[in-house]
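So the structure is just underneath, and the comments pick up after that.
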Amino acid sequence: MRKLTALSLAVASLFFLSGSLQAQGVSSETIATLTDVQKYYRALHIMVMLLAGFGFLMVFVRKYGRSALTATFLLVSVAIPLYYYFGDSGVFGDKGSQIDTLILAEFAAASLLITAGAVLGRLKMHQYLIMGILFIPFYMFNEWIMLDSGFGLIDKGQFVDTGGSIVIHAFGALFGLGVALSMTTKNEYDAAIEADATSDRFALLGSMMLWIFWPSFCAALVIPEEVVLTAVNVILALSGATLATAFMSQRLRGKFDAADIANASLAGGVAIGSVCNTASPTEAILIGVAAGAISTFGFAMIQSRLQKGLKIVDTCGVSNLHGIPGLFGGLVALIVVSGINYTAQLTGIVLTIVIAVIAGLISGKILQLFGHRKVPYTDSEEFEVVD
Amino acid sequence: MRKLTALSLAVASLFFLSGSLQAQGVSSETIATLTDVQKYYRALHIMVMLLAGFGFLMVFVRKYGRSALTATFLLVSVAIPLYYYFGDSGVFGDKGSQIDTLILAEFAAASLLITAGAVLGRLKMHQYLIMGILFIPFYMFNEWIMLDSGFGLIDKGQFVDTGGSIVIHAFGALFGLGVALSMTTKNEYDAAIEADATSDRFALLGSMMLWIFWPSFCAALVIPEEVVLTAVNVILALSGATLATAFMSQRLRGKFDAADIANASLAGGVAIGSVCNTASPTEAILIGVAAGAISTFGFAMIQSRLQKGLKIVDTCGVSNLHGIPGLFGGLVALIVVSGINYTAQLTGIVLTIVIAVIAGLISGKILQLFGHRKVPYTDSEEFEVVD
Amino acid sequence: MRKLTALSLAVASLFFLSGSLQAQGVSSETIATLTDVQKYYRALHIMVMLLAGFGFLMVFVRKYGRSALTATFLLVSVAIPLYYYFGDSGVFGDKGSQIDTLILAEFAAASLLITAGAVLGRLKMHQYLIMGILFIPFYMFNEWIMLDSGFGLIDKGQFVDTGGSIVIHAFGALFGLGVALSMTTKNEYDAAIEADATSDRFALLGSMMLWIFWPSFCAALVIPEEVVLTAVNVILALSGATLATAFMSQRLRGKFDAADIANASLAGGVAIGSVCNTASPTEAILIGVAAGAISTFGFAMIQSRLQKGLKIVDTCGVSNLHGIPGLFGGLVALIVVSGINYTAQLTGIVLTIVIAVIAGLISGKILQLFGHRKVPYTDSEEFEVVD
């Protein structure tokens, strides 16, 4: 009797328990939904970076502010839908869930904006759009090889680049240099790129928007358990880069330069990308310091010489902010990540360089067919302006 | 014996299991709390739109920047507490939980800021406040009829307007036109509304803040399962509108116009509101393209003619950004949403138009009693200024 | 037989149930991870406040914008890693999990930026850095006494200061006044601190960034169940302060002052700090109104007199925004919080005042050793500038 009662109790409470669990609805689907909503917030943070971040960073060209911001709007508005539909079609592999596809589309838009920085002020407004349409398939082609084992060149998961040092930053910068080679004529080569107090303050605003939300960029697709570590690493890397930038800028130039501060401080975010979720905090800050120093050296010492040597203009210095620090970040992974596949990592880096440069050169040649601006770096040619 | 052991084991582990579940605290209340915190983040995103978004979009009036931003501060600071206390009192129906009430209060503040855009620069600072105090009860009255079956006119849930195309945007714009009819005298009608390079860049900043966080505006109150789809739809609609705006602005004017870009690009967000959580991504982008084109057409071709015809000034062109695209969005629901209640949707749209215009006219008449500015569109009349 | 079957069923389904629960992974660890990710979003919101908020609020000095923003970058980049490593070392008590440590580090950076506001424009760039290095240990020492029962002076949990009215705001302001006493020479005392239309608009942008994200500052470390209430309280307090500020500014000066609006509106956030998660909404709005009024009175009536009396310059008026309203907030807790420990609260406030002032005086003396700027409040001494 007692046995029976106990048994009934057990069975009854078992059903009660399982029923109440169902009623509460705490299923793994509920958790998956909440996790997706959390990813959405990171996606939104990246959107701040794309529009307000990259957009205002490019406003440092004092007479080209309306154009830089409009170009930013257009590039984002062409890149995201294009990637989204290509991604959905599955041409370049499976892009995962809807929120993952959106985040990957934003990554592509970031890379495109980096490309645009190289030729900023020298394209007509509709040429930015055409560049975006050319860029996205090339970008997805490279991404597919690096991350989705396209052509079976690199096994899935073997190429380490969580925050996109190579796939996003270096690719965008090198593509941009490819385009710049075609889109820099003498007329544009001789024109001065001028800043003033207001354009500098706007550029610093853009820089801050990138700095602030960079942790979400790197943590966008990591598993929930790695979000906090990734964020801490990115913040430490950015802090290190900012300190190194200020130090180097003052040392190399004698005075601080607002463009150095606005740009090179972000090199920490670029370089930590590949190992953002695997580095230790101390490694992160050291990577940041090195990246900031390298980047500032590029802005202060290499930029003008390279410009004279290669006869191309890199308006925003994306080679110094995204190119070199991106490659540095991809290579650092060889040291920091234990058990890394050296062949895969090096193959990935070399292939990305090759694909980006060739794709950029091709795109530049096509863009050339659509003509050149009369006066570079000014709103007035294409905008109704009062002053 | 074996039976008894098994039984004891079953009972014991049952209690252990249920105990450990309680200890873990993974109850539906825990999930509800996390969901509320996630809603809070969307509420905060809307706050960015209210202050930095609407605020800086209105800074395009170059000599009226401090005033536009101060007015924004004041309107938000009067609208949210007022709605919160009215909502709590239950006069206009039950507003749900504390976070839902906050979000609804922010919606009301958004609508009020749209109204303010219509008469920007022509009210004294304290008149904005009085307008806010008049606006909120009218807004809540309309909201109560549309969404809470006020007077039993529209059954709850029958009026489709998730992101507020009608209830927030069209209502605010039409209320504003009603007020503008009283608050535009010859003195203010003849004054020029001027922008410059810096005011345009600030306006584009405001525009970007609205663009970026608009997905959270539309997704603020949807269930977690619909957040990602809603966000994707809003981003695609905004992208479509941005591309259409740039195309139309250049076509209709011969050159791009920064005000077109800053404003009409957002029409995609306005128009997708009603169906943001029900449209497909392709429908979303098409709605965006149409809304951007309509809005730009309004800014470029209708604004100045309407101004001459109706003898009223709509400072920020809210009729072109929020009025027409809002009504368009509410009507599009008739096509996009399967099984929609046509009568309820059309009744809702017509009633909102009627209530908004009448309430705006009444409020304008009352505001007239508090006088007129001497010189419109300048800070110096009310602010200590150096330049 | 039936008994046995039932028993087997019970046991079997018990294991199935417990297995499926494990398979679903809805464990308390999963929830803890999601909660940490949610905390991370609040940490990111605070980062907006630190860089874009405090940074641009200080851009109101029209010729010192690049410097103010660079200083902000540097102060954040030195404060966060420094706190993070000290915190990790455990010298000043246990700072909790990684995300808690990050948030506490951001609080320290906020307090440091407040200190910097007091001497803004009068330090060389590297002096800001030195000040940061001196500040963090003092700050952590005080924090340890207030919140971690350092020296056993105040029992853990007895000092009520959730959002840091005392520990963050009053401490930073008083430390800043201590530094200012040493870092204000006649040369710098006589120089004018000038604003213009553009610097005012940037300052209002910074102010809005602080206003918008303040709810996450106060709610950063509260339990999930208190996040929404805290947010509502902070928004109501800020709304109250904004309305009171506009009213008082116009009354006391005859016209509105952009600096009053940008600063004193935030006093509601400062003052609600101590009781942000315990006050009722109505108490919150009243605290906000009082804080806004007190702060505006300070800016309009006390600032210039204090400056003449004490012969020190408080560039950003941090004593009026963070000092007095912070102390007010700490004292209000005595009335609002039922069952508060009066002795602990008053001891905490008095000790914080003493420690902050002494630490500031010491730091000022040390900073003096590193010299003085030639011309205060200008970029050109340290920056490459065109205009």
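Convention: chains lettered A, B, ... in structure tokens order; per-chain residue numbering from 1; ligands numbered from 1 as shown.
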With a distance cut-off of 8 Å and only C-alpha atoms, select the neighbouring residues of Ser207 (chain A), excluding the residue or stretch itself and same-chain residues fewer than 4 positions from it, and output the selection as an mmCIF file with C-alpha atoms, in the first residue's frame.
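Final file, selection.cif:
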data_model
loop_
_atom_site.group_PDB
_atom_site.id
_atom_site.type_symbol
_atom_site.label_atom_id
_atom_site.label_comp_id
_atom_site.auth_asym_id
_atom_site.auth_seq_id
_atom_site.Cartn_x
_atom_site.Cartn_y
_atom_site.Cartn_z
ATOM 1 C CA GLY A 53 31.429 54.985 -37.794
ATOM 2 C CA PHE A 54 32.874 54.564 -41.271
ATOM 3 C CA PHE A 56 31.901 60.091 -40.194
ATOM 4 C CA LEU A 57 35.491 58.859 -40.163
ATOM 5 C CA ALA A 203 36.135 62.283 -38.001
ATOM 6 C CA TRP A 211 35.995 52.079 -31.246
ATOM 7 C CA ALA A 262 41.188 58.930 -35.318
ATOM 8 C CA ASN A 263 42.554 56.147 -37.493
ATOM 9 C CA LEU A 266 41.449 51.539 -34.384
#
For chain C versus chain B, which residues have an atom no more than 6 Å away, and what is each residue's nearest atom pair and distance in Å rounded to one decimal, using only C-alpha atoms, chain-then-number order, as CSV?
residue,atom,partner,partner_atom,distance
C:Val11,CA,B:Ala10,CA,5.4
C:Ser28,CA,B:Gln24,CA,4.9
C:Ile212,CA,B:Met47,CA,5.9
C:Ser239,CA,B:Ser77,CA,4.2
C:Lys255,CA,B:Phe383,CA,5.3
C:Phe256,CA,B:Phe383,CA,4.6
C:Asp257,CA,B:Glu384,CA,5.5
Residues as selected, N, CA and C atoms, written as a PDB file, in the first residue's frame, can you do that?
ATOM      1  N   VAL C  11      10.382   5.413 -13.873  1.00  0.00           N
ATOM      2  CA  VAL C  11      11.841   5.526 -13.895  1.00  0.00           C
ATOM      3  C   VAL C  11      12.334   5.905 -15.288  1.00  0.00           C
ATOM      4  N   SER C  28      21.172  26.218 -15.602  1.00  0.00           N
ATOM      5  CA  SER C  28      21.384  27.538 -15.005  1.00  0.00           C
ATOM      6  C   SER C  28      22.633  28.187 -15.573  1.00  0.00           C
ATOM      7  N   ILE C 212      20.942  59.520 -23.034  1.00  0.00           N
ATOM      8  CA  ILE C 212      20.338  58.320 -23.631  1.00  0.00           C
ATOM      9  C   ILE C 212      20.784  57.041 -22.913  1.00  0.00           C
ATOM     10  N   SER C 239      14.355  63.348 -17.184  1.00  0.00           N
ATOM     11  CA  SER C 239      13.293  64.203 -17.729  1.00  0.00           C
ATOM     12  C   SER C 239      13.002  65.357 -16.774  1.00  0.00           C
ATOM     13  N   LYS C 255      17.901  84.504 -20.579  1.00  0.00           N
ATOM     14  CA  LYS C 255      17.862  83.713 -21.809  1.00  0.00           C
ATOM     15  C   LYS C 255      18.330  82.299 -21.483  1.00  0.00           C
ATOM     16  N   PHE C 256      18.067  81.373 -22.406  1.00  0.00           N
ATOM     17  CA  PHE C 256      18.589  80.020 -22.233  1.00  0.00           C
ATOM     18  C   PHE C 256      20.092  80.024 -22.488  1.00  0.00           C
ATOM     19  N   ASP C 257      20.784  79.103 -21.828  1.00  0.00           N
ATOM     20  CA  ASP C 257      22.212  78.949 -22.055  1.00  0.00           C
ATOM     21  C   ASP C 257      22.472  77.494 -22.461  1.00  0.00           C
TER      22      ASP C 257
END
| request: Counting only C-alpha atoms, figure out which residue out of A:Gly288, A:Gly206, A:Pro281, A:Pro224 gets nearest to Leu243 (chain A). | output: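 So, comparing all the options, the nearest one is A:Gly288.
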| Selection near region 352-354 of chain B, 9 Å with only C-alpha atoms, sequence-local residues under 3 positions removed, as a ChimeraX atom specification | /B:142-143,146,166-167,170-171,174-175,347-349,357-359
| Shell around Gly339 (chain A) at 12 Å using only C-alpha atoms, local window under 4 positions removed, as number ranges by chain | A: 158-160, 278, 333-335, 343-345
For the selection just defined, write its residues with N, CA and C atoms to a file, as a CSV table (one decimal), in the first residue's frame.
chain,number,residue,atom,x,y,z
A,158,GLN,N,39.5,25.7,-40.4
A,158,GLN,CA,40.9,25.6,-40.3
A,158,GLN,C,41.6,27.0,-40.4
A,159,PHE,N,40.9,27.9,-41.1
A,159,PHE,CA,41.4,29.3,-41.2
A,159,PHE,C,40.8,30.1,-40.1
A,160,VAL,N,41.7,30.7,-39.3
A,160,VAL,CA,41.4,31.4,-38.0
A,160,VAL,C,41.3,32.9,-38.3
A,278,THR,N,40.4,33.9,-28.8
A,278,THR,CA,41.3,32.9,-28.4
A,278,THR,C,42.5,33.5,-27.6
A,333,ALA,N,48.0,35.1,-35.4
A,333,ALA,CA,47.3,33.9,-35.1
A,333,ALA,C,48.2,32.7,-35.1
A,334,LEU,N,49.2,32.7,-35.9
A,334,LEU,CA,50.2,31.6,-36.0
A,334,LEU,C,50.9,31.4,-34.7
A,335,ILE,N,51.1,32.5,-33.9
A,335,ILE,CA,51.8,32.4,-32.7
A,335,ILE,C,50.8,32.2,-31.5
A,343,THR,N,49.6,25.7,-42.6
A,343,THR,CA,49.3,25.7,-44.0
A,343,THR,C,48.0,26.4,-44.4
A,344,ALA,N,47.0,26.0,-43.6
A,344,ALA,CA,45.7,26.7,-43.9
A,344,ALA,C,45.7,28.2,-43.7
A,345,GLN,N,46.3,28.6,-42.6
A,345,GLN,CA,46.4,30.0,-42.3
A,345,GLN,C,47.2,30.8,-43.3
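Computed from the coordinates, the CA of Tyr83 (chain C) to CA of Tyr139 (chain C) distance equals 9.5 Å.
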10 Å contact set for Asp148 (chain A), only C-alpha atoms, chain neighbours under 6 positions out, as a JSON list (two decimals) with C-alpha atoms, in the first residue's frame:
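Listed below is the output, out.json:
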[["chain", "number", "residue", "atom", "x", "y", "z"],
["A", 92, "PHE", "CA", 28.53, 30.85, -52.26],
["A", 93, "GLY", "CA", 27.67, 28.20, -49.65],
["A", 94, "ASP", "CA", 25.23, 28.15, -46.78],
["A", 95, "LYS", "CA", 25.21, 31.38, -44.76],
["A", 141, "PHE", "CA", 33.89, 34.30, -53.51],
["A", 142, "ASN", "CA", 36.88, 34.89, -51.22],
["A", 154, "ILE", "CA", 40.92, 25.24, -47.00],
["A", 155, "ASP", "CA", 39.02, 22.87, -44.77],
["A", 156, "LYS", "CA", 36.14, 24.45, -42.92],
["A", 157, "GLY", "CA", 37.21, 25.84, -39.55],
["A", 159, "PHE", "CA", 41.37, 29.30, -41.24]]
| message | Just want the 8 Å neighbourhood of Ile287 (chain A), counted on only C-alpha atoms, with same-chain residues fewer than 2 positions away dropped. Output as a PyMOL selection string. | response | chain A and resi 237+240+268+271-272+283-285+289-291+329
Residues of the last selection are to be written out with C-alpha atoms, as a compact mmCIF listing (two decimals), in the first residue's frame.
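Below you can see again09.txt, which holds the result:
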# COMPACT_ATOMS: atom_id res chain seq x y z
CA ALA A 237 43.55 45.83 -27.86
CA GLY A 240 46.73 49.54 -26.30
CA GLY A 268 44.02 47.41 -32.41
CA ALA A 271 44.62 43.29 -35.63
CA ILE A 272 42.87 41.50 -32.77
CA GLU A 283 48.18 39.07 -25.52
CA ALA A 284 45.31 41.28 -26.66
CA ILE A 285 46.79 44.46 -25.23
CA VAL A 289 50.07 48.24 -28.90
CA ALA A 290 51.97 46.74 -31.84
CA ALA A 291 49.15 47.40 -34.27
CA GLY A 329 46.49 40.17 -37.17
| request: Select, from B:Leu181, B:Ala197, B:Leu134, B:Leu82, the residue with the minimum atom-to-atom distance to Ala105 (chain B), counting only C-alpha atoms. | output: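 Looking at the shortest contact to Ala105 (chain B), the residue is B:Leu82.
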| Leu177 (chain A): which residues within 9 Å, counting only C-alpha atoms, same-chain residues fewer than 5 positions away excluded, as a PyMOL selection string? | chain A and resi 115+118-119+172+312-314+318-319+357+360-361
